[in-house]
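Engineer: Got a structure for you, written out below as structure tokens; questions coming shortly.
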Amino acid sequence: MLVNHDLNFVFTHAGKCAGIALSQWLIDHYGFSYYGDPDSVVDGTKIIERHRFTIPDDCQDYEIITCIRDPFERWESFYLYSCLEMGVNLPFEQFTRERLKWLPLQTLYTKQATYILRVDQLDTEVLNLPFVRHPVPEIPRMNVSEEQPGYDRVKQQIQWNDELRELVRQCFEMDFMI
């Protein structure tokens, strides 16, 4: 989670929704900073501070920004990240069957959000933020997965079928309604 106490804004970072790129952009251009250590675990949870979706008491009256993504694209991104960055070595089908609950719902982030930005429209949707003016600083593209040597190999392992799509639809049902 990022915070800007001068603007009274919080950015909640839903995993696999361009959060690192948007965080860096908010830090570099709009004075946001991490709320605590981004890699520490939020007390009483298994969620790291970077992905916190509960708003701390000292930020309760702040406006909240979050970013969302198509659930199928988000699931693919999570698979790629898990394989390339976390060393997971499972076929896509097995990973999908076994790990759907490992990725929090985006609705956990959107339910309190004042501004919900969509990854596929990020460059234009940031203009809805009251502190952003033209010219809009470029938002960096920080997809680390694509820079990994095995990216193409892992990407080719992603094979959707009707059953896997239905599993993702059921698990992330609320996210499809945002």
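We name chains A, B, ... following the order of the structure tokens; residues begin at 1 in each chain, and ligands are numbered from 1 as shown.
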Considering only C-alpha atoms, return as a ChimeraX atom specification whatever protein or nucleic-acid residues lie within 12 Å of stretch 153-167 of chain A, sequence-local ones (same chain, fewer than 2 positions apart) excluded.
Structural biologist: /A:71-73,75-85,87-101,145-146,148-151,169-173
Engineer: Which stretch 102-138 of chain A residues have any atom within 12 Å of an atom of stretch 33-53 of chain A, and for each, what is the nearest pair of atoms with distance in Å to one decimal, counting only C-alpha atoms, rows sorted by chain and number, as CSV?
Structural biologist:
```
residue,atom,partner,partner_atom,distance
A:Trp102,CA,A:Ile47,CA,10.9
A:Leu103,CA,A:Ile47,CA,10.7
A:Pro104,CA,A:His51,CA,9.5
A:Leu105,CA,A:Phe53,CA,10.5
A:Gln106,CA,A:Phe53,CA,9.6
A:Thr107,CA,A:Phe53,CA,9.8
A:Leu108,CA,A:Phe53,CA,6.5
A:Tyr109,CA,A:Phe53,CA,5.4
A:Thr110,CA,A:Phe53,CA,8.9
A:Lys111,CA,A:Phe53,CA,9.5
A:Gln112,CA,A:Phe53,CA,8.8
A:Ala113,CA,A:Phe53,CA,9.8
```
Engineer: Out of chain A, which residues get helix (DSSP H, G or I) from DSSP, as a count of residues only?
Structural biologist: 81
Engineer: Fewer than 2 positions away in the same chain doesn't count, so skip those; otherwise give me all residues within 10 Å of A:Phe32, counting only C-alpha atoms, as an NGL selection string.
Structural biologist: :A and (1-7 or 9-11 or 23-30 or 34-35)
Engineer: Just checking: using only C-alpha atoms, which residue out of A:Leu127, A:Ile178, A:Thr12, A:His134 ends up closest to A:Cys59?
Structural biologist: A:Thr12
Engineer: Could you pull out all residues of stretch 9-175 of chain A with a DSSP call of strand (DSSP E) and give them as a PyMOL selection string?
Structural biologist: chain A and resi 9-12+33-34+63-68+115-118
Engineer: Any idea what's packed within 10 Å of A:Arg141, counting only C-alpha atoms, ignoring anything in its chain fewer than 4 positions away? Could you give it as a PDB file with N, CA and C atoms, in the first residue's frame?
Structural biologist:
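File produced: around.pdb:
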```
ATOM      1  N   ALA A  18      -0.689  -4.507 -12.499  1.00  0.00           N
ATOM      2  CA  ALA A  18       0.191  -3.376 -12.816  1.00  0.00           C
ATOM      3  C   ALA A  18       0.556  -2.552 -11.595  1.00  0.00           C
ATOM      4  N   ILE A  20       3.114  -2.676  -9.441  1.00  0.00           N
ATOM      5  CA  ILE A  20       4.493  -2.209  -9.279  1.00  0.00           C
ATOM      6  C   ILE A  20       4.740  -1.011 -10.184  1.00  0.00           C
ATOM      7  N   ALA A  21       4.265  -1.086 -11.420  1.00  0.00           N
ATOM      8  CA  ALA A  21       4.430   0.036 -12.344  1.00  0.00           C
ATOM      9  C   ALA A  21       3.692   1.277 -11.832  1.00  0.00           C
ATOM     10  N   LEU A  22       2.458   1.097 -11.412  1.00  0.00           N
ATOM     11  CA  LEU A  22       1.674   2.239 -10.925  1.00  0.00           C
ATOM     12  C   LEU A  22       2.267   2.788  -9.630  1.00  0.00           C
TER      13      LEU A  22
END
```
Engineer: Just give me the gap between atom CA of A:Tyr62 and atom CA of A:Met142 in Å, one decimal is fine.
Structural biologist: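 For atom CA of A:Tyr62 relative to atom CA of A:Met142, the distance reads 27.1 Å.
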